[in-house]
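First the structure, in the form of structure tokens, and then the observations on it.
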Amino acid sequence: MLERINGSFRAGFAALGLFALFSGGLPETELAPPRGAATDHVVVISIDGLRPDAIDKYDAETIQRLMREGTYSLEAQTIFPSKTLPSHTSMLTGVPPEVHGITFNSRQSDEHGVVEVPTVFAVAKERGFHTAAFFSKAKFHHLAQPGSLDYWQGPGSNISHWMATKTVPDAVRYLKHERPNLMFVHIGEPDYAGHAIGWMSFAYGWAVKRADGAVATVLEAADEAYGRGNYTVILTADHGGHDRDHGSDDPRDMTIPWIAWGKGAQTGVPLSVPIRTMDTAATALWLLGVDRPPGWVGRPVAAAFTPATRLAVRNALGGGPAPVH
Ligand SMILES: [Zn+2]
């Protein structure tokens, strides 16, 4: 089942008290999103359960290309528990589970509703940016705050997950008509294979290759939509895994890849700074020139970007103190 909130966009926008601010007497059709600081378009791709050491082992050539042409860490850390929903919530809210409160890892919409702290989508949307999310698991419903996403989709209550063969073509179709400033794409295959057969198994390797091909398809569509070199990608994962599970504080579960590529990104320099999954939300906002909400633990990974990019963002943010890393 496809679930959409397109219809509630205007209502959510109005609820945020911003419609009047941005309408300014112009016809609604002339409302344009604001410009970003370093880039106008950030695409965050999360590959569920992708271990950093799987990228070379299974020759994930698109991801290897992003690493070669961009910059990366293969030692980034997710939060504990290293599980899909708590981890993605930290990735997309900039705060750890103790703060966002999503410590469960299943869809419990009836009991818990959506996450209470603002997501990166809500913060960007509040500033007038166009936001979109393509989720492959039903539990992501917890991250779709009303009014925060111009478009989102994910499996409904009758199915727990989608393959990339569903999610990615939908994202590609969306990019034919829309130009989101912040887009999130979640690809599940490695996690499915890890649970079924085992992390680093033959089946897992096949799934990593499938995910890598899905990334290539997203990039082709983004090239077409935004223009080659005119958008910035952050590619990461929610957790690793070992045997047939994850969730522990074992380094194989906790260590994730974090890759920055495209507009503004450094080239060919591996990152030596410590990176945590909360930094993904902070970096996306930073690239768009949006201040982090108070209390965010995530910090922009400024080292992943060129000096000119860092300066542009600093100017956009009012010349405040440089980020720690
Ligand atoms: Zn996961």
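Residue numbers start at 1 in each chain; chains themselves are named A, B, ... in the order of the structure tokens; ligands are numbered from 1 in the order shown.
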Output as CSV one row per residue of chain A within 12 Å of ligand 1: the closest atom pair and its distance in Å to one decimal place, counting only C-alpha atoms and all ligand atoms, sorted by chain and residue number ascending.
residue,atom,partner,partner_atom_place_in_ligand_line,distance
A:Ser46,CA,ligand 1,1 (Zn),9.3
A:Ile47,CA,ligand 1,1 (Zn),8.1
A:Asp48,CA,ligand 1,1 (Zn),4.5
A:Gly49,CA,ligand 1,1 (Zn),5.1
A:Leu50,CA,ligand 1,1 (Zn),8.6
A:Arg51,CA,ligand 1,1 (Zn),11.0
A:Thr78,CA,ligand 1,1 (Zn),10.9
A:Ile79,CA,ligand 1,1 (Zn),11.9
A:Pro81,CA,ligand 1,1 (Zn),10.9
A:Ser82,CA,ligand 1,1 (Zn),8.0
A:Lys83,CA,ligand 1,1 (Zn),5.6
A:Thr84,CA,ligand 1,1 (Zn),3.5
A:Leu85,CA,ligand 1,1 (Zn),7.1
A:Pro86,CA,ligand 1,1 (Zn),9.2
A:Ser87,CA,ligand 1,1 (Zn),7.7
A:His88,CA,ligand 1,1 (Zn),8.0
A:Thr89,CA,ligand 1,1 (Zn),11.2
A:Met91,CA,ligand 1,1 (Zn),11.8
A:Asn105,CA,ligand 1,1 (Zn),9.2
A:Ser106,CA,ligand 1,1 (Zn),11.0
A:Phe135,CA,ligand 1,1 (Zn),11.7
A:Ser136,CA,ligand 1,1 (Zn),10.4
A:Lys137,CA,ligand 1,1 (Zn),9.3
A:Lys139,CA,ligand 1,1 (Zn),10.6
A:Phe140,CA,ligand 1,1 (Zn),10.9
A:His161,CA,ligand 1,1 (Zn),11.2
A:His186,CA,ligand 1,1 (Zn),9.8
A:Ile187,CA,ligand 1,1 (Zn),9.6
A:Gly188,CA,ligand 1,1 (Zn),7.4
A:Glu189,CA,ligand 1,1 (Zn),9.8
A:Pro190,CA,ligand 1,1 (Zn),8.9
A:Asp191,CA,ligand 1,1 (Zn),6.0
A:Tyr192,CA,ligand 1,1 (Zn),8.7
A:Ala193,CA,ligand 1,1 (Zn),11.3
A:Gly194,CA,ligand 1,1 (Zn),10.0
A:His195,CA,ligand 1,1 (Zn),10.0
A:Thr236,CA,ligand 1,1 (Zn),11.4
A:Ala237,CA,ligand 1,1 (Zn),7.8
A:Asp238,CA,ligand 1,1 (Zn),5.5
A:His239,CA,ligand 1,1 (Zn),6.0
A:Gly240,CA,ligand 1,1 (Zn),8.0
A:Gly241,CA,ligand 1,1 (Zn),9.0
A:Asp245,CA,ligand 1,1 (Zn),9.8
A:His246,CA,ligand 1,1 (Zn),8.3
A:Gly247,CA,ligand 1,1 (Zn),9.1
A:Asp253,CA,ligand 1,1 (Zn),10.1
A:Met254,CA,ligand 1,1 (Zn),11.3
A:Ile256,CA,ligand 1,1 (Zn),11.2
Please produce a file of those selected residues containing N, CA and C atoms, as a short mmCIF file (atom, residue, chain, number, x, y, z; two decimals), in the first residue's frame.
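See result32.cif below for the written result:
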data_model
loop_
_atom_site.label_atom_id
_atom_site.label_comp_id
_atom_site.auth_asym_id
_atom_site.auth_seq_id
_atom_site.Cartn_x
_atom_site.Cartn_y
_atom_site.Cartn_z
N SER A 46 20.59 5.86 2.65
CA SER A 46 20.94 4.93 3.73
C SER A 46 20.76 3.51 3.24
N ILE A 47 21.82 2.73 3.33
CA ILE A 47 21.76 1.32 2.93
C ILE A 47 21.71 0.48 4.21
N ASP A 48 20.57 -0.11 4.44
CA ASP A 48 20.29 -0.80 5.68
C ASP A 48 21.26 -1.98 5.89
N GLY A 49 21.99 -1.93 6.99
CA GLY A 49 22.85 -3.06 7.34
C GLY A 49 24.14 -3.17 6.53
N LEU A 50 24.54 -2.07 5.88
CA LEU A 50 25.77 -2.13 5.07
C LEU A 50 27.01 -1.99 5.94
N ARG A 51 27.77 -3.05 6.04
CA ARG A 51 29.06 -2.99 6.74
C ARG A 51 30.09 -2.32 5.86
N THR A 78 27.38 4.16 14.65
CA THR A 78 25.96 4.37 14.90
C THR A 78 25.71 4.41 16.40
N ILE A 79 24.46 4.54 16.78
CA ILE A 79 24.12 4.60 18.21
C ILE A 79 23.84 3.19 18.74
N PRO A 81 21.04 1.12 20.96
CA PRO A 81 21.19 -0.15 20.26
C PRO A 81 21.29 0.04 18.75
N SER A 82 22.18 -0.77 18.14
CA SER A 82 22.46 -0.65 16.71
C SER A 82 21.34 -1.32 15.90
N LYS A 83 20.14 -0.74 16.04
CA LYS A 83 18.96 -1.30 15.36
C LYS A 83 18.35 -0.25 14.44
N THR A 84 17.60 -0.74 13.47
CA THR A 84 17.16 0.11 12.36
C THR A 84 16.41 1.37 12.77
N LEU A 85 15.35 1.23 13.54
CA LEU A 85 14.54 2.42 13.80
C LEU A 85 15.21 3.41 14.78
N PRO A 86 15.76 2.94 15.90
CA PRO A 86 16.49 3.88 16.76
C PRO A 86 17.65 4.56 16.01
N SER A 87 18.37 3.80 15.17
CA SER A 87 19.53 4.35 14.46
C SER A 87 19.10 5.37 13.41
N HIS A 88 18.12 5.01 12.61
CA HIS A 88 17.66 5.97 11.60
C HIS A 88 17.07 7.21 12.25
N THR A 89 16.43 7.03 13.39
CA THR A 89 15.87 8.20 14.08
C THR A 89 17.00 9.13 14.51
N MET A 91 19.99 9.26 13.06
CA MET A 91 20.55 9.77 11.79
C MET A 91 19.76 10.98 11.29
N ASN A 105 12.06 -1.08 17.97
CA ASN A 105 12.48 -1.28 16.58
C ASN A 105 11.37 -1.93 15.75
N SER A 106 10.16 -1.48 15.96
CA SER A 106 9.05 -2.00 15.17
C SER A 106 8.04 -0.87 15.00
N PHE A 135 11.05 5.52 1.97
CA PHE A 135 11.38 4.52 2.99
C PHE A 135 11.05 3.12 2.46
N SER A 136 11.83 2.13 2.89
CA SER A 136 11.56 0.75 2.46
C SER A 136 11.03 -0.13 3.59
N LYS A 137 10.84 0.44 4.77
CA LYS A 137 10.29 -0.35 5.88
C LYS A 137 9.13 0.41 6.53
N LYS A 139 8.20 0.64 9.54
CA LYS A 139 8.44 1.31 10.83
C LYS A 139 8.89 2.76 10.68
N PHE A 140 9.30 3.15 9.48
CA PHE A 140 9.70 4.54 9.26
C PHE A 140 8.52 5.52 9.38
N HIS A 161 8.20 -4.58 4.58
CA HIS A 161 9.30 -3.93 3.84
C HIS A 161 9.13 -4.05 2.33
N HIS A 186 16.02 5.12 1.28
CA HIS A 186 16.40 3.99 2.13
C HIS A 186 16.33 2.70 1.32
N ILE A 187 17.45 1.97 1.31
CA ILE A 187 17.57 0.72 0.55
C ILE A 187 17.82 -0.42 1.53
N GLY A 188 16.99 -1.46 1.47
CA GLY A 188 17.01 -2.47 2.55
C GLY A 188 17.76 -3.76 2.30
N GLU A 189 18.13 -4.04 1.05
CA GLU A 189 18.57 -5.40 0.69
C GLU A 189 19.64 -6.05 1.58
N PRO A 190 20.74 -5.36 1.89
CA PRO A 190 21.76 -6.06 2.69
C PRO A 190 21.22 -6.54 4.04
N ASP A 191 20.36 -5.76 4.66
CA ASP A 191 19.78 -6.17 5.94
C ASP A 191 18.90 -7.41 5.78
N TYR A 192 18.10 -7.43 4.73
CA TYR A 192 17.22 -8.59 4.52
C TYR A 192 18.08 -9.85 4.37
N ALA A 193 19.12 -9.78 3.56
CA ALA A 193 19.98 -10.95 3.31
C ALA A 193 20.77 -11.33 4.56
N GLY A 194 21.19 -10.31 5.31
CA GLY A 194 21.94 -10.58 6.54
C GLY A 194 21.11 -11.38 7.54
N HIS A 195 19.86 -10.96 7.72
CA HIS A 195 18.99 -11.68 8.66
C HIS A 195 18.64 -13.08 8.15
N THR A 236 25.32 6.45 3.71
CA THR A 236 25.69 5.87 5.00
C THR A 236 24.83 4.64 5.26
N ALA A 237 24.87 4.14 6.48
CA ALA A 237 24.07 2.97 6.86
C ALA A 237 23.59 3.16 8.30
N ASP A 238 22.60 2.38 8.68
CA ASP A 238 22.07 2.50 10.05
C ASP A 238 22.83 1.63 11.04
N HIS A 239 23.42 0.55 10.55
CA HIS A 239 24.18 -0.38 11.41
C HIS A 239 24.86 -1.38 10.51
N GLY A 240 25.77 -2.17 11.06
CA GLY A 240 26.37 -3.29 10.34
C GLY A 240 25.63 -4.56 10.71
N GLY A 241 26.39 -5.58 11.13
CA GLY A 241 25.77 -6.83 11.54
C GLY A 241 26.81 -7.93 11.59
N ASP A 245 22.42 -11.26 12.80
CA ASP A 245 21.71 -10.21 13.55
C ASP A 245 22.63 -9.00 13.77
N HIS A 246 22.06 -8.02 14.45
CA HIS A 246 22.77 -6.80 14.83
C HIS A 246 22.02 -6.23 16.01
N GLY A 247 22.52 -5.14 16.56
CA GLY A 247 21.83 -4.56 17.71
C GLY A 247 22.73 -4.45 18.93
N ASP A 253 28.64 -4.48 14.46
CA ASP A 253 27.27 -3.93 14.41
C ASP A 253 27.29 -2.40 14.41
N MET A 254 28.24 -1.84 15.13
CA MET A 254 28.25 -0.39 15.39
C MET A 254 28.91 0.45 14.30
N ILE A 256 29.79 1.94 10.73
CA ILE A 256 29.04 2.21 9.50
C ILE A 256 29.90 3.05 8.53
#
Restrict the calculation to only C-alpha atoms, then for each residue of range 17-125 of chain A with any atom at most 7 Å from an atom of range 281-287 of chain A give the closest atom pair and their distance in Å to one decimal, rows by chain and rising residue number, as a Markdown table.
| residue | atom | partner | partner_atom | distance |
| --- | --- | --- | --- | --- |
| A:Gly36 | CA | A:Leu287 | CA | 6.7 |
| A:Ala37 | CA | A:Leu287 | CA | 5.8 |
| A:Ala38 | CA | A:Leu287 | CA | 5.1 |
| A:Thr39 | CA | A:Leu287 | CA | 6.1 |
| A:Val42 | CA | A:Ala284 | CA | 6.5 |
| A:Met91 | CA | A:Ala281 | CA | 5.9 |
| A:Leu92 | CA | A:Ala281 | CA | 5.1 |
| A:Thr93 | CA | A:Ala281 | CA | 6.1 |
| A:Gly94 | CA | A:Ala281 | CA | 5.4 |
| A:Val120 | CA | A:Ala281 | CA | 5.7 |
| A:Ala124 | CA | A:Leu285 | CA | 6.9 |
What does the file look like for those residues with C-alpha atoms, as a compact mmCIF listing (two decimals), in the first residue's frame?
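Just written: again-v7.txt:
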# COMPACT_ATOMS: atom_id res chain seq x y z
CA GLY A 36 21.00 26.38 0.13
CA ALA A 37 24.38 27.60 1.37
CA ALA A 38 26.81 25.08 -0.14
CA THR A 39 24.33 23.26 -2.34
CA VAL A 42 21.19 17.15 -0.57
CA MET A 91 20.55 9.77 11.79
CA LEU A 92 17.56 11.95 10.91
CA THR A 93 17.02 13.89 14.17
CA GLY A 94 20.59 14.63 15.26
CA VAL A 120 15.86 17.02 9.70
CA ALA A 124 14.40 22.05 6.56
Note to self: Please identify the strand (DSSP E) residues within range 41-207 of chain A (assignment by DSSP from backbone atoms) and present them as number ranges by chain.
What the structure shows: A: 42-47, 71-77, 131-134, 151-153, 182-187
Who sits within 9 Å of Phe121 in chain A, only C-alpha atoms, same chain under 5 positions skipped, as a compact mmCIF listing (two decimals) with N, CA and C atoms, in the first residue's frame:
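Below you can see part-v4.txt, which holds the result:
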# COMPACT_ATOMS: atom_id res chain seq x y z
N LEU A 92 18.45 10.95 11.52
CA LEU A 92 17.56 11.95 10.91
C LEU A 92 17.00 12.96 11.91
N THR A 93 17.43 12.86 13.19
CA THR A 93 17.02 13.89 14.17
C THR A 93 18.22 14.56 14.84
N GLU A 126 10.59 23.76 7.62
CA GLU A 126 10.22 25.00 8.31
C GLU A 126 10.91 26.21 7.67
N PHE A 129 12.29 24.69 2.58
CA PHE A 129 12.89 23.75 1.64
C PHE A 129 11.91 22.63 1.29
N HIS A 130 12.09 22.09 0.11
CA HIS A 130 11.28 20.99 -0.41
C HIS A 130 11.91 19.67 0.07
N THR A 131 11.12 18.85 0.73
CA THR A 131 11.66 17.62 1.35
C THR A 131 10.91 16.39 0.83
N ALA A 132 11.63 15.29 0.70
CA ALA A 132 11.01 14.04 0.23
C ALA A 132 11.74 12.84 0.83
N ALA A 133 11.01 11.79 1.13
CA ALA A 133 11.62 10.59 1.71
C ALA A 133 11.00 9.34 1.12
N ALA A 144 7.77 10.26 9.92
CA ALA A 144 7.04 11.12 8.98
C ALA A 144 6.11 12.06 9.75
N GLN A 145 6.71 13.09 10.30
CA GLN A 145 5.91 14.06 11.06
C GLN A 145 5.00 14.84 10.11
N SER A 148 6.07 17.78 7.56
CA SER A 148 7.52 17.87 7.47
C SER A 148 8.05 17.44 6.10
N LEU A 149 7.24 16.72 5.35
CA LEU A 149 7.69 16.16 4.08
C LEU A 149 6.70 16.51 2.97
N LEU A 182 15.99 18.42 -0.05
CA LEU A 182 16.48 17.36 0.85
C LEU A 182 15.70 16.10 0.54
N MET A 183 16.44 15.09 0.08
CA MET A 183 15.80 13.84 -0.32
C MET A 183 16.47 12.69 0.41
N ALA A 281 22.31 14.26 9.98
CA ALA A 281 21.27 15.31 9.99
C ALA A 281 21.90 16.69 10.07
Check: Of the residues A:Ile45, A:Leu66, A:Ala76, A:Ile102, which is the one nearest to Phe184 in chain A, using only C-alpha atoms?
Finding: A:Ile45
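The closest residue to Leu288 in chain A, picked from A:Arg252, A:Arg210, A:Arg127, A:His112 and counting only C-alpha atoms, is A:Arg127.
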Margin query: Residues within 10 Å of range 310-315 of chain A, please, as number ranges by chain. Count only C-alpha atoms; anything in the same chain fewer than 2 positions from it doesn't count.
Written below: A: 36-39, 264-265, 286-290, 302-308, 317-323
Next item on the list: Quote the spacing between CA of Asp40 in chain A and CA of Thr71 in chain A in Å to one decimal place.
Entry: 19.5 Å
Checklist line | Contact residues around His41 in chain A with only C-alpha atoms at 7 Å, ignoring same-chain residues under 6 positions, as number ranges by chain | finding: A: 180-182, 231-232
Item checked: CA of Ala222 in chain A to CA of Asp53 in chain A, distance in Å rounded to a single decimal -> 26.5 Å
Next item on the list: List every residue of range 59-252 of chain A that DSSP, applied to the backbone, labels as helix (DSSP H, G or I), and write the result as a count of residues only.
Entry: 89
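In this structure, CA of Val297 in chain A sits 11.2 Å away from CA of His100 in chain A.
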Item checked: Within 10 Å of range 269-271 of chain A using only C-alpha atoms, minus same-chain residues under 3 positions, as an MDAnalysis selection string -> chainID A and resid 67:76 258:260 265:266 274:275 301 303:304
Could those residues be written to a file, using N, CA and C atoms, as a tab-separated table (two decimals), in the first residue's frame?
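File produced: part16.tsv:
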chain	number	residue	atom	x	y	z
A	67	MET	N	33.44	7.02	-3.05
A	67	MET	CA	34.57	7.16	-2.13
A	67	MET	C	35.78	7.77	-2.84
A	68	ARG	N	36.01	7.32	-4.07
A	68	ARG	CA	37.16	7.78	-4.84
A	68	ARG	C	37.00	9.24	-5.24
A	69	GLU	N	35.80	9.60	-5.65
A	69	GLU	CA	35.55	10.97	-6.14
A	69	GLU	C	35.16	11.93	-5.03
A	70	GLY	N	34.79	11.36	-3.88
A	70	GLY	CA	34.40	12.19	-2.74
A	70	GLY	C	35.32	11.95	-1.57
A	71	THR	N	34.74	11.91	-0.38
A	71	THR	CA	35.54	11.62	0.80
A	71	THR	C	34.72	10.73	1.73
A	72	TYR	N	35.40	10.04	2.64
A	72	TYR	CA	34.66	9.01	3.39
A	72	TYR	C	35.36	8.63	4.68
A	73	SER	N	34.57	8.03	5.56
A	73	SER	CA	35.11	7.31	6.71
A	73	SER	C	34.48	5.92	6.71
A	74	LEU	N	35.29	4.91	6.95
A	74	LEU	CA	34.75	3.55	7.10
A	74	LEU	C	34.74	3.17	8.58
A	75	GLU	N	34.85	4.19	9.42
A	75	GLU	CA	34.86	3.95	10.87
A	75	GLU	C	33.83	4.80	11.60
A	76	ALA	N	32.82	5.29	10.87
A	76	ALA	CA	31.75	6.05	11.53
A	76	ALA	C	30.99	5.12	12.47
A	258	TRP	N	30.44	6.23	6.02
A	258	TRP	CA	29.89	7.61	5.88
A	258	TRP	C	30.66	8.26	4.75
A	259	ILE	N	29.96	8.53	3.66
A	259	ILE	CA	30.59	9.03	2.43
A	259	ILE	C	29.92	10.34	2.02
A	260	ALA	N	30.73	11.35	1.70
A	260	ALA	CA	30.21	12.59	1.14
A	260	ALA	C	30.75	12.74	-0.27
A	265	ALA	N	31.98	18.70	-1.87
A	265	ALA	CA	32.71	17.67	-1.12
A	265	ALA	C	34.19	17.66	-1.50
A	266	GLN	N	35.01	17.32	-0.52
A	266	GLN	CA	36.43	17.09	-0.78
A	266	GLN	C	36.58	15.89	-1.70
A	274	PRO	N	36.32	11.76	13.88
A	274	PRO	CA	35.28	10.83	14.34
A	274	PRO	C	33.91	11.28	13.83
A	275	ILE	N	33.12	10.33	13.36
A	275	ILE	CA	31.78	10.65	12.84
A	275	ILE	C	30.76	9.74	13.52
A	301	VAL	N	29.87	17.52	9.55
A	301	VAL	CA	31.20	16.97	9.23
A	301	VAL	C	31.85	17.92	8.21
A	303	ALA	N	34.81	18.81	7.76
A	303	ALA	CA	36.07	18.35	7.16
A	303	ALA	C	35.85	17.62	5.84
A	304	ALA	N	34.62	17.19	5.59
A	304	ALA	CA	34.33	16.47	4.35
A	304	ALA	C	34.17	17.42	3.17
Next item on the list: Would you kindly return, as a count of residues only, each protein, DNA or RNA residue with an atom no farther than 9 Å from any atom of Ile55 in chain A, considering only C-alpha atoms and excluding same-chain residues fewer than 4 positions away?
Entry: 11
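Minimum atom-to-atom distances from A:Ala225, A:Val43, A:Leu143, A:Ile197 to Val114 in chain A were compared using only C-alpha atoms, and the lowest value belongs to A:Leu143.
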Next item on the list: Using only C-alpha atoms, pick whichever of A:Ser90, A:Ser160, A:Gly295, A:Tyr174 has the shortest atom-to-atom distance to Thr280 in chain A.
Entry: A:Ser90
